[in-house]
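Q: The following file, model18.cif, comprises mmCIF, C-alpha atoms:
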data_protein
#
loop_
_atom_site.label_atom_id
_atom_site.label_comp_id
_atom_site.auth_asym_id
_atom_site.auth_seq_id
_atom_site.Cartn_x
_atom_site.Cartn_y
_atom_site.Cartn_z
CA MET T 84 101.88 54.60 55.82
CA THR T 85 102.90 53.32 59.20
CA THR T 86 103.01 55.66 62.17
CA LYS T 87 106.37 55.79 63.85
CA SER T 88 106.51 55.80 67.65
CA ALA T 89 108.89 56.61 70.43
CA THR T 90 109.07 55.65 74.09
CA LYS T 91 108.28 58.34 76.60
CA LYS T 92 111.23 58.68 78.92
CA GLY T 93 110.66 57.14 82.31
CA THR T 94 107.28 55.55 81.52
CA GLY T 95 107.84 53.05 78.70
CA GLN T 96 104.72 54.47 77.04
CA SER T 97 104.69 54.46 73.24
CA LEU T 98 104.03 57.87 71.68
CA PRO T 99 103.40 58.61 67.99
CA LEU T 100 105.96 60.71 66.16
CA PRO T 101 103.98 62.76 63.67
CA GLY T 102 105.72 63.23 60.33
CA PRO T 103 105.12 65.82 57.66
CA GLN T 104 103.13 63.34 55.63
CA ALA T 105 100.81 62.39 58.51
CA LYS T 106 98.56 65.35 57.69
CA GLY T 107 96.92 66.66 54.56
CA THR T 108 98.60 68.82 51.96
CA VAL T 109 98.79 72.48 53.10
CA PHE T 110 98.16 74.24 49.79
CA ALA T 111 98.21 77.77 51.25
CA ILE T 112 101.82 77.32 52.36
CA LEU T 113 102.79 75.58 49.10
CA ILE T 114 101.36 78.43 47.05
CA ALA T 115 103.04 81.02 49.28
CA ILE T 116 106.46 79.36 49.06
CA SER T 117 106.00 78.97 45.30
CA PHE T 118 105.34 82.71 44.97
CA VAL T 119 108.47 83.48 46.97
CA HIS T 120 110.35 81.07 44.72
CA LEU T 121 109.03 83.09 41.78
CA PHE T 122 110.23 86.30 43.44
CA ASN T 123 113.65 84.82 44.23
CA ASP T 124 114.32 83.31 40.84
CA SER T 125 112.91 86.22 38.85
CA ILE T 126 115.38 88.41 40.72
CA GLN T 127 118.15 85.90 40.07
CA SER T 128 117.14 85.83 36.39
CA VAL T 129 117.97 89.52 36.27
CA ILE T 130 121.64 88.52 36.08
CA PRO T 131 121.53 86.70 32.71
CA ALA T 132 118.84 89.13 31.52
CA ILE T 133 121.23 92.03 31.98
CA PHE T 134 124.17 90.31 30.21
CA PRO T 135 123.58 92.01 26.83
CA ILE T 136 123.31 95.40 28.54
CA LEU T 137 126.51 94.88 30.56
CA LYS T 138 128.34 93.51 27.53
CA ASP T 139 127.73 96.76 25.65
CA SER T 140 127.99 99.28 28.47
CA MET T 141 131.14 97.79 30.07
CA SER T 142 132.66 96.32 26.87
CA LEU T 143 132.74 92.79 28.32
CA ASN T 144 133.70 89.65 26.41
CA TYR T 145 131.96 86.28 26.69
CA THR T 146 134.50 85.01 29.22
CA GLN T 147 133.79 87.93 31.56
CA ILE T 148 130.05 87.31 31.20
CA GLY T 149 130.77 83.69 32.10
CA TRP T 150 132.56 84.83 35.28
CA ILE T 151 129.52 86.87 36.34
CA SER T 152 127.28 83.83 35.88
CA PHE T 153 129.84 81.68 37.66
CA ALA T 154 129.99 84.08 40.63
CA ILE T 155 126.28 83.96 41.38
CA ASN T 156 125.78 80.27 40.62
CA PHE T 157 128.90 79.02 42.37
CA THR T 158 128.09 81.07 45.49
CA ALA T 159 124.64 79.47 45.61
CA SER T 160 126.12 76.05 44.86
CA ILE T 161 128.64 76.11 47.70
CA MET T 162 126.37 77.62 50.33
CA GLN T 163 123.13 75.72 49.69
CA PRO T 164 124.27 72.33 51.04
CA VAL T 165 126.05 74.09 53.92
CA ILE T 166 122.85 75.88 54.93
CA GLY T 167 120.87 72.69 54.34
CA LEU T 168 123.18 70.71 56.64
CA PHE T 169 122.91 73.39 59.32
CA SER T 170 119.11 73.51 59.11
CA ASP T 171 118.85 69.71 59.27
CA LYS T 172 120.63 69.86 62.63
CA ARG T 173 119.03 73.08 63.80
CA PRO T 174 115.94 74.19 61.84
CA THR T 175 115.87 78.00 61.77
CA PRO T 176 112.77 79.59 60.19
CA ALA T 177 114.37 83.07 60.32
CA ILE T 178 116.78 81.99 57.57
CA LEU T 179 113.98 82.55 55.04
CA PRO T 180 113.44 86.33 55.47
CA ILE T 181 117.14 86.90 56.21
CA GLY T 182 118.11 85.28 52.91
CA MET T 183 115.74 87.54 50.98
CA GLY T 184 117.41 90.48 52.74
CA PHE T 185 120.71 89.46 51.12
CA THR T 186 118.94 89.37 47.76
CA LEU T 187 117.56 92.87 48.25
CA THR T 188 121.05 94.13 49.09
CA GLY T 189 122.49 92.52 45.96
CA MET T 190 119.94 94.15 43.67
CA LEU T 191 120.55 97.55 45.23
CA LEU T 192 124.29 97.15 44.64
CA LEU T 193 123.72 95.97 41.06
CA ALA T 194 121.62 99.01 40.18
CA TYR T 195 124.48 101.32 41.20
CA ALA T 196 127.46 99.13 40.16
CA ALA T 197 129.94 101.33 38.33
CA ASP T 198 132.35 98.67 37.07
CA TYR T 199 132.87 94.94 36.48
CA LYS T 200 134.16 94.22 40.00
CA ALA T 201 131.15 95.92 41.59
CA VAL T 202 128.84 93.76 39.47
CA LEU T 203 130.62 90.63 40.75
CA VAL T 204 130.12 91.72 44.38
CA ALA T 205 126.44 92.45 43.75
CA VAL T 206 125.70 89.08 42.18
CA ILE T 207 127.48 87.27 45.04
CA PHE T 208 124.97 88.84 47.45
CA VAL T 209 122.13 87.62 45.22
CA GLY T 210 123.75 84.17 45.22
CA LEU T 211 123.88 84.13 49.02
CA GLY T 212 120.18 85.02 49.19
CA SER T 213 119.35 82.20 46.79
CA ALA T 214 121.51 79.78 48.80
CA ALA T 215 119.58 80.60 51.97
CA PHE T 216 116.19 80.23 50.31
CA HIS T 217 116.33 76.99 48.32
CA PRO T 218 117.11 74.31 50.95
CA GLU T 219 114.70 75.85 53.45
CA GLY T 220 112.09 76.34 50.74
CA SER T 221 112.37 72.65 49.84
CA ARG T 222 111.99 71.77 53.54
CA VAL T 223 108.83 73.87 53.82
CA SER T 224 107.48 72.19 50.68
CA HIS T 225 108.25 68.78 52.20
CA MET T 226 106.57 69.70 55.48
CA ALA T 227 103.42 70.95 53.70
CA ALA T 228 103.26 68.10 51.18
CA GLY T 229 101.20 65.53 53.03
CA SER T 230 101.32 62.38 50.91
CA ARG T 231 101.66 64.25 47.60
CA ARG T 232 105.42 64.76 47.49
CA GLY T 233 105.79 65.08 43.74
CA LEU T 234 102.92 67.55 43.42
CA ALA T 235 104.19 69.64 46.33
CA GLN T 236 107.72 69.84 44.95
CA SER T 237 106.29 70.75 41.54
CA ILE T 238 104.22 73.58 43.01
CA PHE T 239 107.35 74.83 44.77
CA GLN T 240 109.66 74.48 41.77
CA VAL T 241 107.23 75.85 39.17
CA GLY T 242 107.43 79.21 40.91
CA GLY T 243 111.19 79.22 40.48
CA ASN T 244 111.11 78.12 36.86
CA ALA T 245 108.39 80.66 36.08
CA GLY T 246 110.61 83.31 37.63
CA GLN T 247 113.57 82.19 35.53
CA SER T 248 111.44 82.26 32.39
CA LEU T 249 110.83 85.97 32.93
CA ALA T 250 114.48 86.80 32.22
CA PRO T 251 114.08 87.48 28.48
CA MET T 252 110.93 89.55 29.05
CA LEU T 253 112.72 91.56 31.74
CA THR T 254 115.38 92.43 29.19
CA SER T 255 112.74 93.73 26.77
CA TRP T 256 110.53 95.49 29.32
CA ILE T 257 113.05 96.89 31.77
CA PHE T 258 116.70 96.72 30.79
CA ILE T 259 116.50 97.79 27.15
CA PRO T 260 114.60 101.02 28.03
CA LEU T 261 116.13 101.67 31.49
CA GLY T 262 119.56 100.05 31.27
CA GLN T 263 121.39 98.64 34.28
CA PHE T 264 119.59 100.95 36.73
CA GLY T 265 116.39 99.03 35.99
CA ALA T 266 117.60 96.52 38.59
CA ILE T 267 116.41 98.95 41.27
CA TRP T 268 112.81 97.86 40.64
CA PHE T 269 113.60 94.41 41.94
CA THR T 270 114.38 95.67 45.43
CA GLY T 271 110.59 96.12 45.76
CA ILE T 272 110.03 92.50 44.76
CA ALA T 273 112.62 91.42 47.33
CA ALA T 274 110.87 93.50 50.00
CA ALA T 275 107.55 91.77 49.16
CA GLY T 276 109.39 88.45 49.40
CA ILE T 277 110.57 89.30 52.92
CA VAL T 278 106.96 89.95 54.00
CA VAL T 279 105.71 86.62 52.62
CA GLN T 280 108.75 84.79 54.00
CA SER T 281 107.96 86.14 57.47
CA PHE T 282 104.47 84.60 57.23
CA ILE T 283 105.91 81.26 56.07
CA ALA T 284 108.57 81.34 58.79
CA ARG T 285 105.86 81.78 61.42
CA TRP T 286 104.02 78.66 60.13
CA TYR T 287 107.32 76.78 59.94
CA GLY T 288 108.11 77.66 63.55
CA ASN T 289 104.66 76.59 64.71
CA VAL T 290 105.07 73.19 63.03
CA LEU T 291 108.44 72.71 64.74
CA ARG T 292 106.94 73.57 68.12
CA THR T 293 103.83 71.40 67.78
CA GLU T 294 105.37 68.35 66.13
CA GLY T 295 108.95 68.53 67.34
CA ILE T 296 111.94 67.36 65.36
CA ALA T 297 112.38 63.93 66.94
CA ARG T 298 111.03 62.30 63.77
CA LYS T 299 114.12 63.42 61.87
CA LYS T 300 116.32 61.16 63.94
CA ALA T 301 114.31 58.11 62.90
CA ALA T 302 115.69 58.43 59.37
CA THR T 303 119.31 58.29 60.42
CA ARG T 304 119.52 54.66 61.49
CA ARG T 305 122.58 52.76 60.40
CA MET T 306 122.26 51.24 56.93
CA LYS T 307 123.80 48.08 55.63
CA PRO T 308 127.20 48.77 53.99
CA GLU T 309 126.08 47.42 50.62
CA VAL T 310 123.00 49.64 50.63
CA ARG T 311 125.04 52.67 51.62
CA SER T 312 127.50 52.09 48.76
CA ARG T 313 124.64 51.72 46.27
CA ILE T 314 123.13 54.96 47.51
CA MET T 315 126.45 56.75 47.06
CA PHE T 316 126.76 55.41 43.51
CA ALA T 317 123.18 56.45 42.71
CA MET T 318 123.86 59.95 44.04
CA ILE T 319 126.91 60.25 41.76
CA VAL T 320 124.79 59.22 38.76
CA LEU T 321 122.08 61.69 39.77
CA ILE T 322 124.67 64.46 40.00
CA LEU T 323 125.87 63.61 36.48
CA LEU T 324 122.30 63.96 35.22
CA VAL T 325 121.96 67.31 36.99
CA PHE T 326 125.23 68.30 35.29
CA VAL T 327 123.84 67.46 31.84
CA ARG T 328 120.56 69.31 32.37
CA SER T 329 122.26 72.34 33.90
CA TRP T 330 124.81 72.71 31.11
CA TYR T 331 122.19 72.42 28.40
CA SER T 332 119.84 74.86 30.15
CA THR T 333 122.73 77.28 30.64
CA SER T 334 123.70 77.08 26.97
CA VAL T 335 120.19 78.21 26.05
CA GLY T 336 119.50 80.65 28.88
CA SER T 337 122.84 82.48 28.81
CA TYR T 338 124.02 82.33 25.20
CA TYR T 339 121.28 81.27 22.80
CA ALA T 340 120.08 84.85 22.34
CA PHE T 341 123.55 85.73 21.03
CA TYR T 342 123.36 82.69 18.71
CA LEU T 343 120.00 83.81 17.32
CA MET T 344 121.28 87.35 16.82
CA GLU T 345 124.29 86.02 14.90
CA VAL T 346 122.61 83.29 12.81
CA PHE T 347 119.20 84.85 12.10
CA LYS T 348 120.23 88.52 12.49
CA MET T 349 117.49 89.06 15.08
CA PRO T 350 117.26 92.16 17.25
CA LEU T 351 117.85 91.49 20.94
CA ALA T 352 114.18 91.90 21.92
CA ASP T 353 113.07 89.25 19.41
CA ALA T 354 115.85 86.85 20.41
CA GLN T 355 114.77 87.10 24.05
CA LEU T 356 111.26 85.92 23.11
CA TYR T 357 112.77 82.63 21.93
CA ILE T 358 114.52 82.16 25.26
CA PHE T 359 111.21 82.90 26.99
CA LEU T 360 109.61 80.08 25.01
CA PHE T 361 112.22 77.62 26.29
CA LEU T 362 112.06 78.76 29.91
CA GLY T 363 108.29 79.33 29.99
CA ALA T 364 107.60 75.88 28.57
CA GLY T 365 110.11 74.53 31.09
CA ALA T 366 108.11 76.07 33.94
CA LEU T 367 104.98 74.38 32.60
CA GLY T 368 106.85 71.08 32.32
CA THR T 369 108.04 71.43 35.90
CA PHE T 370 104.47 71.71 37.12
CA PHE T 371 103.27 68.60 35.29
CA GLY T 372 106.42 66.58 35.99
CA GLY T 373 105.76 66.11 39.71
CA PRO T 374 102.21 64.67 39.47
CA LEU T 375 103.29 62.43 36.57
CA ALA T 376 106.21 61.17 38.67
CA ASP T 377 103.85 60.44 41.58
CA ARG T 378 101.89 58.22 39.21
CA PHE T 379 104.55 56.66 36.97
CA GLY T 380 107.67 56.78 39.14
CA LYS T 381 110.45 59.30 39.77
CA ARG T 382 113.20 57.39 37.97
CA ASN T 383 110.99 56.83 34.92
CA MET T 384 110.21 60.55 34.72
CA ILE T 385 113.87 61.54 34.95
CA PHE T 386 114.72 59.08 32.16
CA LEU T 387 111.94 60.21 29.83
CA SER T 388 112.74 63.89 30.31
CA MET T 389 116.26 63.32 29.01
CA VAL T 390 115.89 60.76 26.23
CA LEU T 391 112.80 62.37 24.67
CA ALA T 392 114.57 65.73 24.53
CA ALA T 393 117.77 64.28 23.00
CA PRO T 394 116.69 63.91 19.33
CA LEU T 395 115.05 67.34 19.36
CA ALA T 396 118.20 68.94 20.77
CA LEU T 397 120.20 67.34 17.95
CA LEU T 398 117.76 68.73 15.37
CA LEU T 399 117.74 72.26 16.80
CA PRO T 400 120.90 73.62 15.07
CA TYR T 401 119.46 72.65 11.66
CA ALA T 402 116.04 74.27 12.18
CA ASN T 403 114.90 77.46 10.48
CA GLN T 404 113.64 80.44 12.46
CA PHE T 405 110.06 79.13 12.79
CA TRP T 406 111.00 75.58 13.82
CA THR T 407 113.64 76.88 16.21
CA ALA T 408 110.86 78.48 18.26
CA ILE T 409 108.77 75.28 18.22
CA LEU T 410 111.70 73.03 19.14
CA LEU T 411 112.90 75.31 21.96
CA ALA T 412 109.44 75.20 23.56
CA ILE T 413 109.14 71.41 23.29
CA ILE T 414 112.68 70.79 24.55
CA GLY T 415 112.14 73.14 27.49
CA PHE T 416 108.89 71.43 28.46
CA ILE T 417 110.33 67.92 28.26
CA MET T 418 113.77 68.48 29.77
CA LEU T 419 112.69 70.62 32.73
CA SER T 420 109.76 68.35 33.58
CA SER T 421 112.19 66.38 35.77
CA PHE T 422 113.54 69.41 37.65
CA SER T 423 111.38 68.96 40.76
CA VAL T 424 111.41 65.17 40.35
CA THR T 425 115.19 65.08 40.71
CA VAL T 426 114.95 66.79 44.10
CA VAL T 427 112.27 64.38 45.34
CA TYR T 428 114.27 61.39 44.09
CA ALA T 429 117.33 62.64 45.97
CA GLN T 430 115.23 63.03 49.13
CA MET T 431 114.14 59.40 48.69
CA LEU T 432 117.78 58.34 48.33
CA VAL T 433 118.74 59.97 51.63
CA PRO T 434 115.56 60.25 53.74
CA GLY T 435 115.71 62.44 56.82
CA LYS T 436 118.24 64.88 55.32
CA ILE T 437 115.80 67.12 53.49
CA GLY T 438 117.77 70.37 53.76
CA THR T 439 121.16 68.85 52.99
CA VAL T 440 119.99 66.82 50.00
CA SER T 441 117.78 69.58 48.58
CA GLY T 442 120.60 72.07 48.99
CA LEU T 443 123.03 69.69 47.35
CA ILE T 444 120.87 68.97 44.29
CA THR T 445 119.55 72.50 43.69
CA GLY T 446 122.95 73.91 44.63
CA LEU T 447 124.60 71.68 42.08
CA ALA T 448 122.11 72.84 39.48
CA PHE T 449 123.20 76.43 40.12
CA GLY T 450 126.88 75.62 40.53
CA LEU T 451 127.18 73.41 37.50
CA GLY T 452 125.21 75.96 35.53
CA GLY T 453 127.72 78.59 36.61
CA VAL T 454 130.68 76.41 35.65
CA GLY T 455 128.94 75.69 32.37
CA ALA T 456 128.45 79.39 31.66
CA LEU T 457 132.12 80.08 32.35
CA VAL T 458 133.42 77.19 30.26
CA LEU T 459 130.98 77.74 27.41
CA GLY T 460 131.74 81.46 27.34
CA SER T 461 135.45 80.73 27.07
CA TRP T 462 134.89 78.17 24.30
CA ILE T 463 132.63 80.57 22.39
CA ASP T 464 135.38 83.18 22.41
CA LYS T 465 137.75 80.59 20.92
CA VAL T 466 135.72 78.62 18.37
CA GLY T 467 132.54 80.60 17.85
CA ILE T 468 129.01 80.38 19.20
CA THR T 469 127.62 78.27 16.34
CA ASN T 470 130.03 75.38 16.97
CA ILE T 471 129.36 75.37 20.71
CA MET T 472 125.57 75.37 20.30
CA PHE T 473 125.94 72.39 17.95
CA LEU T 474 128.02 70.45 20.50
CA CYS T 475 125.57 71.19 23.33
CA GLY T 476 122.90 69.36 21.37
CA PHE T 477 124.60 66.06 22.25
CA LEU T 478 124.37 66.57 26.03
CA PRO T 479 120.85 65.11 26.58
CA LEU T 480 122.03 61.79 25.12
CA LEU T 481 123.75 61.18 28.47
CA GLY T 482 120.27 60.73 29.95
CA ILE T 483 120.69 57.03 29.22
CA LEU T 484 122.65 56.94 32.50
CA THR T 485 119.28 57.07 34.31
CA PHE T 486 119.07 53.29 33.95
CA LEU T 487 121.88 53.05 36.51
CA LEU T 488 119.62 54.53 39.19
CA PRO T 489 117.65 52.30 41.59
CA THR T 490 113.92 52.06 40.93
CA ASP T 491 111.39 53.78 43.17
CA LYS T 492 110.38 50.39 44.61
CA THR T 493 114.00 49.72 45.57
CA LEU T 494 114.26 53.07 47.35
CA ASN T 495 111.05 52.41 49.26
CA ARG T 496 112.31 48.96 50.29
CA TRP T 497 115.60 50.40 51.56
CA ALA T 498 113.69 53.01 53.55
CA GLU T 499 111.39 50.41 55.13
CA GLU T 500 114.36 48.20 56.05
CA ASN T 501 115.98 51.14 57.85
CA GLY T 502 112.85 52.58 59.45
CA ALA T 503 113.05 55.78 57.41
CA GLU T 504 110.18 57.75 55.98
CA VAL T 505 110.34 58.70 52.32
#
Any chance you could give the structure as structure tokens?

A:
Amino acid sequence: MTTKSATKKGTGQSLPLPGPQAKGTVFAILIAISFVHLFNDSIQSVIPAIFPILKDSMSLNYTQIGWISFAINFTASIMQPVIGLFSDKRPTPAILPIGMGFTLTGMLLLAYAADYKAVLVAVIFVGLGSAAFHPEGSRVSHMAAGSRRGLAQSIFQVGGNAGQSLAPMLTSWIFIPLGQFGAIWFTGIAAAGIVVQSFIARWYGNVLRTEGIARKKAATRRMKPEVRSRIMFAMIVLILLVFVRSWYSTSVGSYYAFYLMEVFKMPLADAQLYIFLFLGAGALGTFFGGPLADRFGKRNMIFLSMVLAAPLALLLPYANQFWTAILLAIIGFIMLSSFSVTVVYAQMLVPGKIGTVSGLITGLAFGLGGVGALVLGSWIDKVGITNIMFLCGFLPLLGILTFLLPTDKTLNRWAEENGAEV
């Protein structure tokens, strides 16, 4: 790695501009931000976990359930890149604990929500909290990464995916015995998240004060028009891949329990264990995906995570009860292994815009997942859940589009030509 330098005003003296990768990996901060990610996403997973309870208690249809999922995911989708853009221009460590405060408020409102509209308001607050956390969490991960970007992003993202995987267990442990009011327990988790976020924010602020933010400007040099157009095209392709993964994950996370209950006549608690297998294996895949991408390349990892999952997804609707569990675990591990890798690849595409790009990619994952939940719920009401689950099996085939993305070597060359640090 080459050390960037700047000229001290008035002296002509060359001064080094320390970057986040100039130091070693700060594992204490990475583990802390990963735990907060677990807190945040386990709270967010309460929303789909409570769907079966709300469906019965409020007599909701699948379309209304889709609107609830859309409300939380679309809120996070819209606000994440906005917050990321703001923090790129003006890094604000206090955003971290403030965002978790929104999440706490949302869970309090959800526990006492008396009707459908009140539930929508509650989940919007949770969405706002998630929107504040993810771009700044990705920035903290980037700052603490040292030279191990893929590993750092995996440590950060595995906390979130582990939190999401808890959704089916939360249904069995909390919401089946306690009902909707069980959401009140998660205000305590949010409060613990605020405490840890305050510690992380203090470290974040110290880094800003000691290193400054001048290095961020080095990544914004003017690019050649042809390179800029290729980057824009690559970002569109990457967004399409995020779309595919989000829709497939949403089909399993939000509706597959209903499919299992209909096809195999399972009780809700047993059906949720199958969803846990998919999400839990996905969390494990997320952890291993980053280090593998550091070794074999980000684009290669994104490609393999899609095309290897495709034939298994096509087989899933034909599997019996035993093989359904096995296939869900394998698909979850393979497909979600590229979750953190996608974020790192996007950061390589647009170096120097960590908050904006991270907010855009993770925000799109939430937003497209929300749109997917709404559309899929509407289609299920019209043609039945079995037909829709069958069609969703074809989505991973679109992973072939990964070949349209520039290689890692190409991204590194573009960055070197423009004096940016990836």

Q: Restricting the calculation to all atoms listed in the file, which member of T:Ile277, T:Leu121, T:Val325, T:Ala197 is positioned closest to Met418 (chain T)?

A: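 The answer is T:Val325, which sits nearest to Met418 (chain T).
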
Q: Please write as an mmCIF file with C-alpha atoms, in the coordinates of the input the full residue list that the PyMOL selection byres ((chain T and resi 458) around 10) yields on this file.

A:
data_model
loop_
_atom_site.group_PDB
_atom_site.id
_atom_site.type_symbol
_atom_site.label_atom_id
_atom_site.label_comp_id
_atom_site.auth_asym_id
_atom_site.auth_seq_id
_atom_site.Cartn_x
_atom_site.Cartn_y
_atom_site.Cartn_z
ATOM 1 C CA TYR T 145 131.960 86.280 26.690
ATOM 2 C CA THR T 146 134.500 85.010 29.220
ATOM 3 C CA GLY T 149 130.770 83.690 32.100
ATOM 4 C CA TRP T 150 132.560 84.830 35.280
ATOM 5 C CA PHE T 153 129.840 81.680 37.660
ATOM 6 C CA TRP T 330 124.810 72.710 31.110
ATOM 7 C CA GLY T 452 125.210 75.960 35.530
ATOM 8 C CA GLY T 453 127.720 78.590 36.610
ATOM 9 C CA VAL T 454 130.680 76.410 35.650
ATOM 10 C CA GLY T 455 128.940 75.690 32.370
ATOM 11 C CA ALA T 456 128.450 79.390 31.660
ATOM 12 C CA LEU T 457 132.120 80.080 32.350
ATOM 13 C CA LEU T 459 130.980 77.740 27.410
ATOM 14 C CA GLY T 460 131.740 81.460 27.340
ATOM 15 C CA SER T 461 135.450 80.730 27.070
ATOM 16 C CA TRP T 462 134.890 78.170 24.300
ATOM 17 C CA ILE T 463 132.630 80.570 22.390
#

Q: Residues near Thr158 (chain T), anyone? I mean within 10 Å using all atoms listed in the file, not counting same-chain ones fewer than 3 positions away, as a ChimeraX atom specification.

A: /T:153-155,161-163,206-214,446,449-450,453

Q: List the neighbours of region 395-399 of chain T out to 9 Å using all atoms listed in the file; skip same-chain residues closer than 4 positions along the sequence, and give me the result as a CSV table (one decimal) with C-alpha atoms, in the coordinates of the input.

A:
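And here's result.csv as it stands now:
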chain,number,residue,atom,x,y,z
T,391,LEU,CA,112.8,62.4,24.7
T,403,ASN,CA,114.9,77.5,10.5
T,406,TRP,CA,111.0,75.6,13.8
T,407,THR,CA,113.6,76.9,16.2
T,410,LEU,CA,111.7,73.0,19.1
T,411,LEU,CA,112.9,75.3,22.0
T,413,ILE,CA,109.1,71.4,23.3
T,414,ILE,CA,112.7,70.8,24.6
T,473,PHE,CA,125.9,72.4,18.0
T,474,LEU,CA,128.0,70.4,20.5
T,475,CYS,CA,125.6,71.2,23.3
T,476,GLY,CA,122.9,69.4,21.4
T,477,PHE,CA,124.6,66.1,22.2
T,478,LEU,CA,124.4,66.6,26.0
T,479,PRO,CA,120.8,65.1,26.6

Q: Select, from T:Ile483, T:Ile358, T:Ala376, T:Ile114, the residue with the minimum atom-to-atom distance to Ala392 (chain T), counting all atoms listed in the file.

A: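 Checking each candidate against Ala392 (chain T), we get T:Ile483 as the closest.
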
Q: Report as a PDB file with C-alpha atoms, in the frame of the given file the full result of the PyMOL selection byres ((chain T and resi 280) around 8) when it is applied to this structure.

A:
ATOM      1  CA  ILE T 116     106.460  79.360  49.060  1.00  0.00           C
ATOM      2  CA  VAL T 119     108.470  83.480  46.970  1.00  0.00           C
ATOM      3  CA  LEU T 179     113.980  82.550  55.040  1.00  0.00           C
ATOM      4  CA  PRO T 180     113.440  86.330  55.470  1.00  0.00           C
ATOM      5  CA  GLY T 276     109.390  88.450  49.400  1.00  0.00           C
ATOM      6  CA  ILE T 277     110.570  89.300  52.920  1.00  0.00           C
ATOM      7  CA  VAL T 278     106.960  89.950  54.000  1.00  0.00           C
ATOM      8  CA  VAL T 279     105.710  86.620  52.620  1.00  0.00           C
ATOM      9  CA  SER T 281     107.960  86.140  57.470  1.00  0.00           C
ATOM     10  CA  PHE T 282     104.470  84.600  57.230  1.00  0.00           C
ATOM     11  CA  ILE T 283     105.910  81.260  56.070  1.00  0.00           C
ATOM     12  CA  ALA T 284     108.570  81.340  58.790  1.00  0.00           C
TER      13      ALA T 284
END

Q: Interatomic distance between CA of Ser441 (chain T) and CA of Pro218 (chain T)?

A: 5.3 Å

Q: Show which residues sit within 12 Å of Thr188 (chain T), as a list in words. Count all atoms listed in the file, and ignore same-chain residues fewer than 5 positions away.

A: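 With the cut-off at 12 Å, the set is Ile126, Ile181, Gly182, Met183, Leu193, Ala194, Tyr195, Val204, Ala205, Val206, Ile207, Phe208, Val209, Gly210, Leu211, Gly212, Ala266, Ile267, Phe269, Thr270, Gly271, Ile272, Ala273 and Ala274 of chain T.
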
Q: Identify all residues satisfying the PyMOL selection byres ((chain T and resi 262) around 10) in the given file; provide them as a list in words.

A: Ile133, Ile136, Leu137, Ser140, Ala194, Thr254, Ile257, Phe258, Ile259, Pro260, Leu261, Gln263, Phe264, Gly265 and Ala266 of chain T

Q: In Å to one decimal, how far is CA of Gly243 (chain T) from CA of Ala115 (chain T)?

A: 12.1 Å

Q: How many Å lie between CA of Val390 (chain T) and CA of Gly482 (chain T), rounded to one decimal?

A: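 We find that CA of Val390 (chain T) and CA of Gly482 (chain T) lie 5.7 Å from each other.
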
Q: Hey, which of T:Tyr342, T:Ile112, T:Thr439, T:Ser128 ends up closest to Arg285 (chain T)? Count all atoms listed in the file.

A: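 The shortest atom-to-atom distance to Arg285 (chain T) comes from T:Ile112.
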
Q: Find the residues with any atom within 10 Å of (112.7, 59.5, 35.7); use all atoms listed in the file and the coordinates as given in the file, and write the answer as a PyMOL selection string.

A: chain T and resi 372+375-376+379-389+420-421+424-425+428+482+485-486+488+490-491
